[in-house]
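The data block below is run37.cif; it holds mmCIF, C-alpha atoms and all ligand atoms.
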data_work
#
loop_
_atom_site.label_atom_id
_atom_site.label_comp_id
_atom_site.auth_asym_id
_atom_site.auth_seq_id
_atom_site.Cartn_x
_atom_site.Cartn_y
_atom_site.Cartn_z
CA MET A 249 26.50 253.53 -14.40
CA ASN A 250 26.99 253.43 -18.13
CA GLU A 251 27.15 249.66 -18.02
CA LEU A 252 23.83 249.55 -16.19
CA LYS A 253 22.26 251.95 -18.68
CA ASN A 254 23.52 249.90 -21.61
CA LYS A 255 22.10 246.75 -20.11
CA ALA A 256 18.75 248.48 -19.66
CA ILE A 257 18.73 249.53 -23.31
CA GLU A 258 19.67 246.01 -24.37
CA ILE A 259 16.73 244.58 -22.39
CA LEU A 260 14.24 247.02 -23.85
CA ASN A 261 15.42 246.28 -27.36
CA ALA A 262 15.26 242.52 -26.72
CA ASN A 263 11.69 242.77 -25.38
CA TRP A 264 10.54 244.83 -28.36
CA ARG A 265 8.25 242.99 -30.77
CA ASP A 266 6.60 244.26 -33.90
CA GLY A 267 5.21 247.60 -32.68
CA PHE A 268 5.02 246.94 -28.92
CA SER A 269 6.99 245.49 -25.99
CA ILE A 270 6.41 242.46 -23.84
CA PRO A 271 6.99 242.94 -20.09
CA CYS A 272 9.17 239.84 -19.93
CA GLU A 273 10.07 236.82 -22.06
CA LYS A 274 7.80 233.73 -21.59
CA LEU A 275 6.08 234.89 -18.38
CA TYR A 276 4.22 237.79 -20.05
CA PRO A 277 4.22 237.28 -23.83
CA PHE A 278 1.73 240.04 -24.84
CA GLN A 279 1.32 243.79 -24.48
CA TRP A 280 0.25 244.96 -21.03
CA ASN A 281 -1.40 248.35 -20.54
CA TRP A 282 0.51 250.16 -17.76
CA ASP A 283 3.72 248.29 -18.58
CA SER A 284 3.56 249.89 -22.03
CA GLY A 285 3.25 253.34 -20.51
CA PHE A 286 6.30 252.86 -18.29
CA ILE A 287 8.23 251.25 -21.14
CA ALA A 288 7.55 254.24 -23.42
CA ILE A 289 9.22 256.50 -20.84
CA GLY A 290 12.42 254.44 -21.10
CA PHE A 291 12.39 254.30 -24.89
CA ALA A 292 11.91 258.08 -25.03
CA HIS A 293 15.47 258.42 -23.74
CA PHE A 294 17.08 256.66 -26.71
CA ASP A 295 14.48 255.75 -29.36
CA MET A 296 11.51 258.12 -29.56
CA PRO A 297 9.87 256.37 -32.53
CA LYS A 298 9.58 253.20 -30.46
CA ALA A 299 8.18 255.14 -27.50
CA GLU A 300 5.52 256.59 -29.77
CA GLU A 301 4.74 253.28 -31.44
CA GLU A 302 4.36 251.58 -28.08
CA ILE A 303 1.66 254.09 -27.14
CA SER A 304 -0.03 254.10 -30.56
CA THR A 305 -0.29 250.32 -30.62
CA LEU A 306 -1.90 250.21 -27.19
CA LEU A 307 -4.36 252.91 -28.22
CA ASP A 308 -5.10 251.06 -31.42
CA ALA A 309 -6.68 248.35 -29.25
CA GLN A 310 -8.93 250.81 -27.41
CA TRP A 311 -12.59 249.82 -27.36
CA GLY A 312 -15.34 251.94 -28.88
CA ASN A 313 -16.45 253.12 -25.42
CA GLY A 314 -13.00 254.50 -24.52
CA PHE A 315 -11.96 251.50 -22.41
CA ILE A 316 -8.31 250.43 -22.76
CA PRO A 317 -7.79 246.73 -21.97
CA HIS A 318 -5.10 245.46 -19.63
CA ILE A 319 -3.73 242.97 -22.17
CA VAL A 320 -3.63 243.18 -25.97
CA PHE A 321 -3.14 239.69 -27.36
CA HIS A 322 -1.06 240.39 -30.46
CA THR A 323 0.05 236.82 -30.93
CA GLU A 324 -1.15 233.28 -30.45
CA THR A 325 0.92 231.86 -27.65
CA ASP A 326 0.06 229.39 -24.95
CA THR A 327 2.73 230.43 -22.45
CA TYR A 328 0.23 232.60 -20.56
CA PHE A 329 -3.02 231.87 -18.77
CA PRO A 330 -5.67 233.32 -18.98
CA GLY A 331 -5.26 233.95 -22.70
CA PRO A 332 -7.51 235.42 -25.44
CA ASP A 333 -9.89 232.46 -25.56
CA TYR A 334 -10.55 232.70 -21.87
CA PHE A 335 -11.20 236.44 -21.82
CA CYS A 336 -13.36 236.41 -24.94
CA SER A 337 -13.45 240.20 -25.29
CA GLU A 338 -15.81 239.97 -28.25
CA LEU A 339 -18.61 239.42 -25.72
CA HIS A 340 -18.71 243.20 -25.31
CA PRO A 341 -20.32 245.04 -28.25
CA ASP A 342 -17.74 247.87 -28.18
CA ALA A 343 -14.66 245.63 -27.92
CA SER A 344 -11.80 246.11 -30.38
CA LYS A 345 -12.57 244.46 -33.70
CA LYS A 346 -8.91 244.46 -34.63
CA TYR A 347 -7.34 242.73 -31.62
CA LYS A 348 -8.33 240.15 -29.06
CA THR A 349 -7.96 241.73 -25.64
CA SER A 350 -8.79 241.14 -22.01
CA GLY A 351 -11.96 242.61 -20.51
CA ILE A 352 -10.38 244.33 -17.53
CA THR A 353 -8.15 247.41 -17.44
CA GLN A 354 -5.13 248.71 -15.52
CA PRO A 355 -4.01 251.96 -13.84
CA PRO A 356 -4.47 254.81 -16.38
CA VAL A 357 -0.91 256.03 -16.82
CA LEU A 358 -1.05 257.22 -20.44
CA GLY A 359 -1.90 260.86 -19.70
CA PHE A 360 1.20 261.45 -17.61
CA VAL A 361 3.29 259.22 -19.87
CA LEU A 362 2.59 261.65 -22.73
CA ALA A 363 3.78 264.52 -20.54
CA GLU A 364 6.89 262.53 -19.59
CA ILE A 365 7.90 261.78 -23.16
CA LEU A 366 7.51 265.47 -23.99
CA ARG A 367 9.74 266.35 -21.03
CA ILE A 368 12.39 263.89 -22.24
CA SER A 369 12.12 264.75 -25.95
CA THR A 370 14.93 266.65 -27.65
CA ASP A 371 12.54 267.58 -30.48
CA LYS A 372 9.60 269.02 -28.58
CA LYS A 373 7.81 270.20 -31.69
CA ALA A 374 7.72 266.74 -33.26
CA THR A 375 6.74 265.06 -29.98
CA LEU A 376 3.94 267.55 -29.42
CA LYS A 377 2.69 266.79 -32.90
CA PHE A 378 2.59 263.09 -32.02
CA ILE A 379 0.76 263.89 -28.77
CA GLU A 380 -1.75 265.99 -30.67
CA GLY A 381 -2.63 262.90 -32.72
CA VAL A 382 -3.33 260.62 -29.75
CA ILE A 383 -4.41 262.82 -26.84
CA ASP A 384 -8.15 262.66 -27.57
CA LYS A 385 -8.06 258.89 -27.20
CA VAL A 386 -6.63 259.26 -23.71
CA TYR A 387 -9.29 261.85 -22.95
CA ASP A 388 -11.96 259.37 -24.13
CA ASN A 389 -10.50 256.85 -21.75
CA HIS A 390 -10.92 259.29 -18.84
CA THR A 391 -14.49 259.96 -19.97
CA TYR A 392 -15.10 256.21 -19.84
CA PHE A 393 -13.84 256.08 -16.24
CA TYR A 394 -15.84 259.02 -14.95
CA THR A 395 -19.06 258.01 -16.69
CA LYS A 396 -18.94 254.23 -16.21
CA ARG A 397 -16.90 253.57 -13.09
CA ASP A 398 -18.22 256.08 -10.58
CA PRO A 399 -21.75 254.88 -9.68
CA GLN A 400 -22.16 257.26 -6.73
CA ASN A 401 -20.79 260.21 -8.70
CA GLU A 402 -18.01 260.90 -6.20
CA GLY A 403 -15.13 261.62 -8.57
CA LEU A 404 -13.51 258.33 -7.50
CA VAL A 405 -13.53 255.40 -9.89
CA TYR A 406 -13.69 251.74 -8.97
CA ILE A 407 -11.76 248.70 -10.11
CA TYR A 408 -13.66 245.44 -10.36
CA HIS A 409 -10.77 243.01 -10.32
CA ASN A 410 -7.53 242.80 -8.36
CA TRP A 411 -5.71 242.44 -11.70
CA GLU A 412 -6.99 245.91 -12.56
CA SER A 413 -5.08 247.32 -9.60
CA GLY A 414 -1.74 246.12 -10.97
CA THR A 415 -0.93 244.94 -7.41
CA ASP A 416 -2.44 241.55 -8.06
CA ASN A 417 -2.25 239.51 -4.85
CA SER A 418 -1.80 242.31 -2.34
CA PRO A 419 -3.15 241.42 1.13
CA MET A 420 -5.53 244.35 0.53
CA TRP A 421 -7.83 241.98 -1.30
CA ASP A 422 -7.70 239.08 1.17
CA ASP A 423 -10.95 239.77 3.01
CA ILE A 424 -12.89 240.41 -0.17
CA ILE A 425 -11.72 237.36 -2.03
CA HIS A 426 -11.82 235.00 0.94
CA ASN A 427 -15.46 235.86 1.43
CA MET A 428 -16.25 234.82 -2.12
CA ASP A 429 -17.63 231.38 -2.64
CA SER A 430 -15.53 230.61 -5.72
CA PRO A 431 -15.70 227.21 -7.41
CA ASP A 432 -12.62 225.00 -7.58
CA TYR A 433 -11.90 225.52 -11.29
CA GLU A 434 -9.87 223.25 -13.47
CA PHE A 435 -7.30 225.14 -15.51
CA GLU A 436 -3.67 225.01 -16.44
CA ARG A 437 -1.50 227.73 -14.93
CA ARG A 438 1.52 228.80 -17.02
CA ASP A 439 3.17 231.37 -14.77
CA THR A 440 4.41 228.75 -12.32
CA THR A 441 6.24 226.90 -15.10
CA HIS A 442 8.38 230.03 -15.63
CA VAL A 443 8.76 231.29 -12.06
CA ASP A 444 9.09 229.64 -8.63
CA ALA A 445 5.51 228.96 -7.47
CA SER A 446 6.29 230.22 -3.95
CA GLN A 447 6.77 233.72 -5.45
CA ARG A 448 3.38 233.70 -7.23
CA PRO A 449 -0.31 233.65 -6.13
CA SER A 450 -1.79 230.30 -5.04
CA LYS A 451 -4.21 228.06 -7.01
CA ARG A 452 -7.03 229.08 -4.67
CA GLU A 453 -6.28 232.74 -5.31
CA TYR A 454 -6.51 232.07 -9.05
CA ASP A 455 -9.94 230.44 -8.48
CA HIS A 456 -11.12 233.72 -7.00
CA TYR A 457 -9.58 235.77 -9.82
CA LEU A 458 -11.40 233.62 -12.37
CA HIS A 459 -14.65 233.71 -10.43
CA ILE A 460 -14.80 237.53 -10.72
CA LEU A 461 -14.13 237.25 -14.44
CA GLU A 462 -16.81 234.60 -14.89
CA ILE A 463 -19.41 236.98 -13.44
CA ALA A 464 -18.29 239.79 -15.77
CA LYS A 465 -18.31 237.47 -18.78
CA GLU A 466 -21.74 236.14 -17.92
CA HIS A 467 -22.94 239.73 -18.40
CA ASN A 468 -20.85 240.43 -21.49
CA TYR A 469 -18.57 242.80 -19.55
CA SER A 470 -21.45 245.24 -19.06
CA ASP A 471 -20.25 248.06 -16.79
CA GLU A 472 -23.72 248.51 -15.32
CA LYS A 473 -24.02 244.82 -14.43
CA ILE A 474 -20.51 244.71 -13.05
CA ALA A 475 -21.24 247.71 -10.80
CA GLU A 476 -24.36 245.91 -9.61
CA LEU A 477 -23.02 242.39 -9.20
CA SER A 478 -19.27 242.12 -8.97
CA PRO A 479 -18.16 240.88 -5.53
CA PHE A 480 -14.99 242.92 -6.04
CA LEU A 481 -15.60 246.68 -6.31
CA VAL A 482 -12.85 248.83 -4.83
CA GLN A 483 -11.72 252.46 -4.90
CA ASP A 484 -7.98 252.09 -5.08
CA PRO A 485 -5.67 255.02 -4.16
CA LEU A 486 -3.01 253.93 -6.68
CA PHE A 487 -5.46 253.63 -9.55
CA ASN A 488 -7.18 256.94 -8.74
CA SER A 489 -3.83 258.69 -8.24
CA MET A 490 -2.74 257.61 -11.71
CA LEU A 491 -5.99 258.94 -13.15
CA ILE A 492 -5.67 262.25 -11.29
CA LYS A 493 -2.04 262.68 -12.32
CA SER A 494 -3.06 261.91 -15.90
CA ASN A 495 -5.89 264.48 -15.69
CA GLU A 496 -3.32 267.06 -14.61
CA SER A 497 -1.05 266.15 -17.54
CA LEU A 498 -3.90 266.24 -20.05
CA ILE A 499 -4.81 269.76 -18.88
CA GLU A 500 -1.17 270.86 -19.33
CA LEU A 501 -0.88 269.24 -22.75
CA TYR A 502 -4.21 270.51 -24.11
CA THR A 503 -3.19 274.00 -22.93
CA LEU A 504 0.09 273.72 -24.84
CA ILE A 505 -1.64 272.43 -27.96
CA GLY A 506 -4.44 275.00 -27.74
CA GLY A 507 -8.05 274.97 -28.89
CA SER A 508 -9.68 272.39 -26.59
CA GLN A 509 -11.32 274.66 -24.02
CA ASN A 510 -14.28 272.37 -23.41
CA LYS A 511 -12.09 269.39 -22.71
CA ILE A 512 -9.86 271.40 -20.38
CA LYS A 513 -12.94 272.62 -18.52
CA GLN A 514 -14.29 269.09 -18.17
CA LEU A 515 -10.92 267.81 -16.96
CA GLU A 516 -10.73 270.61 -14.37
CA THR A 517 -14.22 269.75 -13.13
CA TRP A 518 -13.30 266.05 -12.76
CA GLN A 519 -10.04 266.99 -11.13
CA GLU A 520 -11.45 269.27 -8.49
CA LYS A 521 -14.08 266.78 -7.42
CA ALA A 522 -11.66 263.85 -7.51
CA ILE A 523 -9.03 265.48 -5.30
CA LYS A 524 -11.62 266.63 -2.79
CA SER A 525 -13.25 263.21 -2.48
CA PHE A 526 -9.90 261.48 -2.42
CA ASN A 527 -8.77 263.51 0.57
CA ASN A 528 -12.11 263.23 2.36
CA LYS A 529 -12.72 259.56 1.80
CA LEU A 530 -9.41 257.80 1.35
CA PHE A 531 -7.22 259.28 4.07
CA ASP A 532 -7.20 257.42 7.35
CA GLU A 533 -6.10 259.61 10.26
CA GLU A 534 -5.46 256.68 12.55
CA LEU A 535 -3.08 254.99 10.10
CA GLY A 536 -1.65 258.29 8.84
CA ALA A 537 -1.97 257.08 5.27
CA TYR A 538 -4.28 256.78 2.29
CA ILE A 539 -6.27 253.56 2.21
CA HIS A 540 -8.36 251.46 -0.17
CA TYR A 541 -12.15 251.55 0.08
CA ASP A 542 -14.30 248.46 -0.45
CA LEU A 543 -17.24 249.95 -2.32
CA ARG A 544 -19.19 246.68 -2.49
CA ASN A 545 -19.23 246.28 1.29
CA GLU A 546 -19.00 250.02 2.07
CA ARG A 547 -16.00 249.80 4.37
CA LYS A 548 -12.43 251.01 4.63
CA ILE A 549 -9.65 248.48 4.08
CA LYS A 550 -7.35 249.30 6.96
CA HIS A 551 -3.91 248.38 5.66
CA ILE A 552 -0.94 250.35 4.37
CA SER A 553 0.88 249.44 1.17
CA SER A 554 3.15 251.24 -1.28
CA SER A 555 -0.06 252.35 -3.04
CA SER A 556 -0.85 254.44 0.06
CA PHE A 557 1.95 256.87 -0.83
CA THR A 558 1.20 257.31 -4.55
CA PRO A 559 -1.10 260.35 -3.99
CA LEU A 560 2.12 262.35 -3.56
CA PHE A 561 2.80 261.79 -7.26
CA ALA A 562 -0.62 263.22 -8.14
CA ASN A 563 -0.27 266.28 -5.86
CA ILE A 564 -3.27 265.18 -3.81
CA PRO A 565 -2.28 265.88 -0.17
CA GLY A 566 -1.73 269.39 1.18
CA LYS A 567 1.67 270.10 2.72
CA GLU A 568 0.77 269.11 6.26
CA ARG A 569 -0.84 265.86 5.22
CA ALA A 570 2.09 265.07 2.95
CA GLU A 571 4.38 265.39 5.95
CA LYS A 572 2.27 263.05 8.00
CA LEU A 573 2.21 260.58 5.13
CA VAL A 574 5.99 260.65 4.79
CA GLN A 575 6.35 260.15 8.55
CA THR A 576 4.24 257.01 8.20
CA LEU A 577 6.35 255.88 5.26
CA MET A 578 9.59 256.28 7.16
CA SER A 579 8.40 254.84 10.45
CA ARG A 580 6.91 251.67 8.95
CA PHE A 581 8.78 251.09 5.70
CA GLY A 582 11.98 253.11 6.15
CA ASN A 583 13.92 251.05 8.71
CA GLU A 584 17.59 251.19 7.69
CA ASN A 585 17.74 247.41 7.29
CA GLN A 586 15.08 247.62 4.60
CA TYR A 587 15.20 248.95 1.08
CA LEU A 588 12.50 251.43 0.22
CA CYS A 589 9.80 250.70 -0.60
CA ALA A 590 8.24 247.38 0.33
CA SER A 591 4.93 246.85 -1.47
CA PHE A 592 3.15 245.98 1.76
CA ASP A 593 3.48 247.16 5.35
CA PRO A 594 6.54 245.33 6.76
CA GLU A 595 5.04 245.61 10.24
CA SER A 596 1.92 243.70 9.32
CA GLU A 597 1.63 239.97 9.92
CA LEU A 598 0.43 239.67 6.33
CA TYR A 599 3.77 240.92 4.99
CA LYS A 600 5.54 238.28 2.87
CA PRO A 601 8.96 239.49 1.67
CA LYS A 602 9.23 237.09 -1.29
CA LYS A 603 5.68 236.82 -2.45
CA TYR A 604 4.89 239.03 -5.42
CA TRP A 605 2.74 242.02 -4.34
CA ARG A 606 2.63 240.97 -0.67
CA GLY A 607 5.93 242.62 0.27
CA PRO A 608 8.68 242.85 -2.37
CA VAL A 609 9.91 246.15 -3.82
CA TRP A 610 8.61 246.99 -7.31
CA ILE A 611 10.49 249.47 -9.49
CA ASN A 612 7.41 251.13 -11.00
CA LEU A 613 6.08 251.93 -7.53
CA ASN A 614 9.50 253.24 -6.52
CA TRP A 615 9.57 255.50 -9.57
CA ILE A 616 6.12 256.88 -8.68
CA LEU A 617 7.17 257.37 -5.06
CA TYR A 618 10.47 259.00 -6.03
CA ASN A 619 8.77 261.54 -8.30
CA GLY A 620 6.10 262.26 -5.70
CA LEU A 621 8.70 262.93 -3.00
CA VAL A 622 10.66 265.21 -5.35
CA GLN A 623 7.52 267.23 -6.09
CA TYR A 624 6.97 267.89 -2.38
CA GLY A 625 10.62 268.73 -1.74
CA PHE A 626 11.52 265.66 0.38
CA GLU A 627 15.05 265.67 -0.95
CA ASP A 628 16.81 263.21 1.35
CA ILE A 629 14.09 260.60 1.23
CA SER A 630 13.65 260.84 -2.52
CA LYS A 631 17.41 260.39 -2.87
CA ARG A 632 17.20 257.30 -0.71
CA VAL A 633 14.43 255.81 -2.87
CA LYS A 634 16.52 256.42 -5.96
CA ASP A 635 19.73 255.03 -4.44
CA ASP A 636 17.91 251.97 -3.11
CA THR A 637 16.39 251.34 -6.52
CA VAL A 638 19.73 251.53 -8.31
CA GLU A 639 21.43 249.35 -5.69
CA LEU A 640 18.77 246.65 -5.86
CA ILE A 641 19.15 246.37 -9.62
CA GLU A 642 22.94 246.63 -9.55
CA GLU A 643 23.23 243.88 -6.93
CA ASN A 644 20.62 241.50 -8.30
CA GLY A 645 19.88 242.20 -11.95
CA PHE A 646 16.81 243.51 -13.76
CA TYR A 647 14.21 241.43 -11.92
CA GLU A 648 10.49 241.89 -11.73
CA TYR A 649 10.51 242.40 -7.93
CA PHE A 650 13.02 242.46 -5.07
CA ASP A 651 13.34 241.49 -1.45
CA ALA A 652 13.23 244.62 0.71
CA ARG A 653 15.37 243.03 3.43
CA LYS A 654 18.98 244.19 3.09
CA GLU A 655 20.41 241.08 4.72
CA VAL A 656 19.10 238.88 1.90
CA SER A 657 21.53 238.24 -0.88
CA LYS A 658 20.11 237.13 -4.24
CA GLY A 659 16.97 239.11 -3.58
CA GLY A 660 15.66 239.35 -7.14
CA TYR A 661 12.41 237.45 -7.82
CA GLY A 662 9.88 236.74 -10.55
CA GLY A 663 10.77 237.38 -14.18
CA ILE A 664 14.27 238.46 -15.23
CA ASN A 665 15.18 241.13 -17.82
CA PHE A 666 11.96 242.85 -16.95
CA SER A 667 10.99 245.76 -19.18
CA TRP A 668 9.71 248.40 -16.75
CA THR A 669 12.61 247.71 -14.38
CA ALA A 670 14.97 248.57 -17.25
CA SER A 671 12.92 251.46 -18.53
CA LEU A 672 12.37 253.27 -15.25
CA LEU A 673 15.96 252.76 -14.15
CA LEU A 674 17.03 254.50 -17.35
CA ASP A 675 14.74 257.38 -16.52
CA LEU A 676 16.07 257.64 -12.95
CA LEU A 677 19.66 257.66 -14.20
CA ASN A 678 19.11 260.30 -16.88
C1 LIG B 701 1.32 241.18 -13.22
O1 LIG B 701 -0.03 240.84 -13.53
C2 LIG B 701 -0.39 239.81 -14.45
C3 LIG B 701 -1.88 239.95 -14.68
O2 LIG B 701 -2.14 241.19 -15.27
C4 LIG B 701 -0.09 238.40 -13.99
O3 LIG B 701 0.36 238.19 -12.86
O4 LIG B 701 -0.29 237.48 -14.78
C5 LIG B 701 1.26 242.48 -12.37
O5 LIG B 701 2.49 242.73 -11.77
C6 LIG B 701 0.83 243.65 -13.24
O6 LIG B 701 0.91 244.86 -12.53
C7 LIG B 701 1.70 243.74 -14.50
O7 LIG B 701 1.20 244.75 -15.35
C8 LIG B 701 1.74 242.40 -15.26
C9 LIG B 701 2.73 242.41 -16.41
O8 LIG B 701 3.98 242.90 -16.00
O9 LIG B 701 2.10 241.35 -14.37
#

Rewrite the coordinates I just gave you, this time as structure tokens.
Ligand code: 2M8
Amino acid sequence: MNELKNKAIEILNANWRDGFSIPCEKLYPFQWNWDSGFIAIGFAHFDMPKAEEEISTLLDAQWGNGFIPHIVFHTETDTYFPGPDYFCSELHPDASKKYKTSGITQPPVLGFVLAEILRISTDKKATLKFIEGVIDKVYDNHTYFYTKRDPQNEGLVYIYHNWESGTDNSPMWDDIIHNMDSPDYEFERRDTTHVDASQRPSKREYDHYLHILEIAKEHNYSDEKIAELSPFLVQDPLFNSMLIKSNESLIELYTLIGGSQNKIKQLETWQEKAIKSFNNKLFDEELGAYIHYDLRNERKIKHISSSSFTPLFANIPGKERAEKLVQTLMSRFGNENQYLCASFDPESELYKPKKYWRGPVWINLNWILYNGLVQYGFEDISKRVKDDTVELIEENGFYEYFDARKEVSKGGYGGINFSWTASLLLDLLN
């Protein structure tokens, strides 16, 4: 185990740049939002100053309206498309003046990441002091979500791009994007020069991804216009679970710090409404799982993915519902010939075991699932998720994603020496 831990530390140090980490050499050469959060958790185990800097740098790129972009373009590099010139964040009046960024966001993990680094810290006083200096920025980010991304005032926020979900080409989005009449754009992909194209989204899928961005750009990334016009408007259980878990952590941290009664009260109000709506709207009795909701077309998206189980992490289901959810997990994803947890329902015809977010196991989702199962006392299953995670990395290396089928040897795909794979493994092993 020590060898594995040392390798993880080596990877994190190698992916460290000046004040932030890249997710992976060449493939992802900038700072990504939720990657940074997960990476900080790993650094907290052996280099707290880097953990703190990772978070501070991301927050330094926060927009004036509280929005935190999904990519911060710290450097000029052409190994990634779409880059800073494509996104053109300066279209939005509140965009960061200091950094070029994207104009979409990612799952809001920072709230619970702050709580995690405090849990890991051996100098709680110093870490709490750091948290005190940044926590209001995370709070502002939550204010942005609840005031700008919840048009029907339900306590559930929307994402307007599949890249915001973090689960980029999940079959969840198929119906929405295939119904879009996207142009056949001319552009030069970079990802497929670094990674086998069969493990990445198709050219046509990229057309759709760009089409959504074109609409947002045409309206200078205005939230109001996006809510009105974007063909992609989804309430995602993973995204909302991360926000709800982060609300919970912010309440705990503000309580520890003291003196922010109004903010705690506001967070509790958001939290109560969010959990209620989440359980009422996003649980599908027939599937026995949480689902995505297509807000643009007002319909449920009836598929199960690893995102369906993330509400456990945010303490959303009651005990009975949690049991039902875990039964669904084990009956569809938990076959003994499969590693937990495939990113998409292995029983669906849309399941693709090698293709990015259409089936492979992802370590960040496993970490979320593991912690959720522990919270609800599912000891055996949580142990299995942890053991499967360690075995996948031990057998294959620190890949970006993994084949869930046990019979497949060499089941590591995408980028290698991947930061959050290293970081979250370290956390699981400590
Ligand atoms: C992947 O997404 C990027 C776009 O953001 C891409 O494919 O180019 C996703 O796995 C996402 O969740 C992740 O944050 C990012 C960097 O690791 O890569």

Kindly assemble as CSV a list of the chain A residues that lie within 7 Å of ligand LIG 701 (chain B), each paired with its nearest atom pair and their distance in Å to one decimal, using only C-alpha atoms and all ligand atoms, sorted first by chain and then by ascending residue number.
residue,atom,partner,partner_atom,distance
A:Pro271,CA,B:LIG701,O8,5.1
A:Tyr276,CA,B:LIG701,C9,6.1
A:Trp280,CA,B:LIG701,O7,5.8
A:Asn281,CA,B:LIG701,O7,6.8
A:Trp282,CA,B:LIG701,O7,6.0
A:Asp283,CA,B:LIG701,O7,5.4
A:His318,CA,B:LIG701,O2,6.8
A:Trp411,CA,B:LIG701,O2,5.2
A:Gly414,CA,B:LIG701,O6,3.3
A:Thr415,CA,B:LIG701,O6,5.4
A:Asp416,CA,B:LIG701,C5,5.8

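Look at everything within 9 Å of (-14.0, 238.6, -10.8) using all atoms listed in the file, and the residues you get are Tyr408, His409, Asn410, His456, Tyr457, Leu458, His459, Ile460, Leu461, Glu462, Ile463, Ala464, Ser478, Pro479 and Phe480 of chain A.
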
Identify, on the basis of only C-alpha atoms, every residue whose closest approach to stretch 365-379 of chain A does not exceed 9 Å; exclude the query and any residue fewer than 4 positions from it along the same chain; express the result as a short mmCIF file (atom, residue, chain, number, x, y, z; two decimals) with C-alpha atoms, keeping the file's coordinate frame.
data_model
loop_
_atom_site.label_atom_id
_atom_site.label_comp_id
_atom_site.auth_asym_id
_atom_site.auth_seq_id
_atom_site.Cartn_x
_atom_site.Cartn_y
_atom_site.Cartn_z
CA ALA A 288 7.55 254.24 -23.42
CA ILE A 289 9.22 256.50 -20.84
CA GLY A 290 12.42 254.44 -21.10
CA PHE A 291 12.39 254.30 -24.89
CA ALA A 292 11.91 258.08 -25.03
CA HIS A 293 15.47 258.42 -23.74
CA MET A 296 11.51 258.12 -29.56
CA ALA A 299 8.18 255.14 -27.50
CA GLU A 300 5.52 256.59 -29.77
CA PHE A 360 1.20 261.45 -17.61
CA VAL A 361 3.29 259.22 -19.87
CA ILE A 383 -4.41 262.82 -26.84
CA LEU A 501 -0.88 269.24 -22.75
CA LEU A 504 0.09 273.72 -24.84
CA ILE A 505 -1.64 272.43 -27.96
CA ASP A 675 14.74 257.38 -16.52
#

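For the choices A:Tyr624, A:Trp421, A:Trp518, A:Trp615, the atom-to-atom distance to A:Lys567 is smallest for A:Tyr624 when using only C-alpha atoms.
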
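Among the candidates A:Asp471, A:Arg265, A:Phe321, A:Leu515, the one nearest to A:Pro341 when counting all atoms listed in the file is A:Asp471.
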
### Task
Excluding A:Asp423 and any residue of its chain fewer than 3 positions from it, enumerate the residues within 12 Å of it, using all atoms listed in the file, and give them as a ChimeraX atom specification.
/A:417-420,426-428,453,456,479-480,542,545,547-551,598

### Query
Can you list, as a list of chain:residue names, every protein, DNA or RNA residue that comes within 7 Å of A:Ile259 when you count all atoms listed in the file, leaving out same-chain residues fewer than 3 positions away?
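Final neighbour list, sorted by chain and number: A:Lys255, A:Ala256, A:Ala262, A:Asn263, A:Asn665, A:Ser667, A:Ala670.
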
Based on the selection just made, write C-alpha atoms of those residues as a short mmCIF file (atom, residue, chain, number, x, y, z; two decimals), keeping the file's coordinate frame.
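The resulting file, out.cif, is shown below:
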data_model
loop_
_atom_site.label_atom_id
_atom_site.label_comp_id
_atom_site.auth_asym_id
_atom_site.auth_seq_id
_atom_site.Cartn_x
_atom_site.Cartn_y
_atom_site.Cartn_z
CA LYS A 255 22.10 246.75 -20.11
CA ALA A 256 18.75 248.48 -19.66
CA ALA A 262 15.26 242.52 -26.72
CA ASN A 263 11.69 242.77 -25.38
CA ASN A 665 15.18 241.13 -17.82
CA SER A 667 10.99 245.76 -19.18
CA ALA A 670 14.97 248.57 -17.25
#

Return as a tab-separated table the residues of stretch 434-532 of chain A lying at most 9 Å from stretch 322-328 of chain A, together with the closest atom-to-atom pair for each and the distance in Å to one decimal, counting only C-alpha atoms, with rows in chain order and ascending residue number.
residue	atom	partner	partner_atom	distance
A:Arg437	CA	A:Tyr328	CA	7.6
A:Arg438	CA	A:Tyr328	CA	5.4
A:Asp439	CA	A:Tyr328	CA	6.6
A:Thr441	CA	A:Thr327	CA	8.9
A:His442	CA	A:Thr327	CA	8.9

Copy stretch 333-338 of chain A out of the block into a file, keeping N, CA and C atoms, as a JSON list (two decimals), in the first residue's frame.
[["chain", "number", "residue", "atom", "x", "y", "z"],
["A", 333, "ASP", "N", -9.83, 31.51, -26.11],
["A", 333, "ASP", "CA", -10.34, 32.36, -27.19],
["A", 333, "ASP", "C", -11.73, 31.92, -27.62],
["A", 334, "TYR", "N", -11.97, 30.63, -27.52],
["A", 334, "TYR", "CA", -13.31, 30.16, -27.87],
["A", 334, "TYR", "C", -14.33, 30.61, -26.82],
["A", 335, "PHE", "N", -14.01, 30.39, -25.55],
["A", 335, "PHE", "CA", -15.00, 30.71, -24.50],
["A", 335, "PHE", "C", -15.27, 32.22, -24.40],
["A", 336, "CYS", "N", -14.20, 33.02, -24.49],
["A", 336, "CYS", "CA", -14.37, 34.47, -24.48],
["A", 336, "CYS", "C", -15.16, 34.94, -23.26],
["A", 337, "SER", "N", -14.65, 34.64, -22.08],
["A", 337, "SER", "CA", -15.42, 34.93, -20.86],
["A", 337, "SER", "C", -15.68, 36.41, -20.67],
["A", 338, "GLU", "N", -14.82, 37.24, -21.27],
["A", 338, "GLU", "CA", -14.98, 38.69, -21.11],
["A", 338, "GLU", "C", -16.31, 39.21, -21.67]]
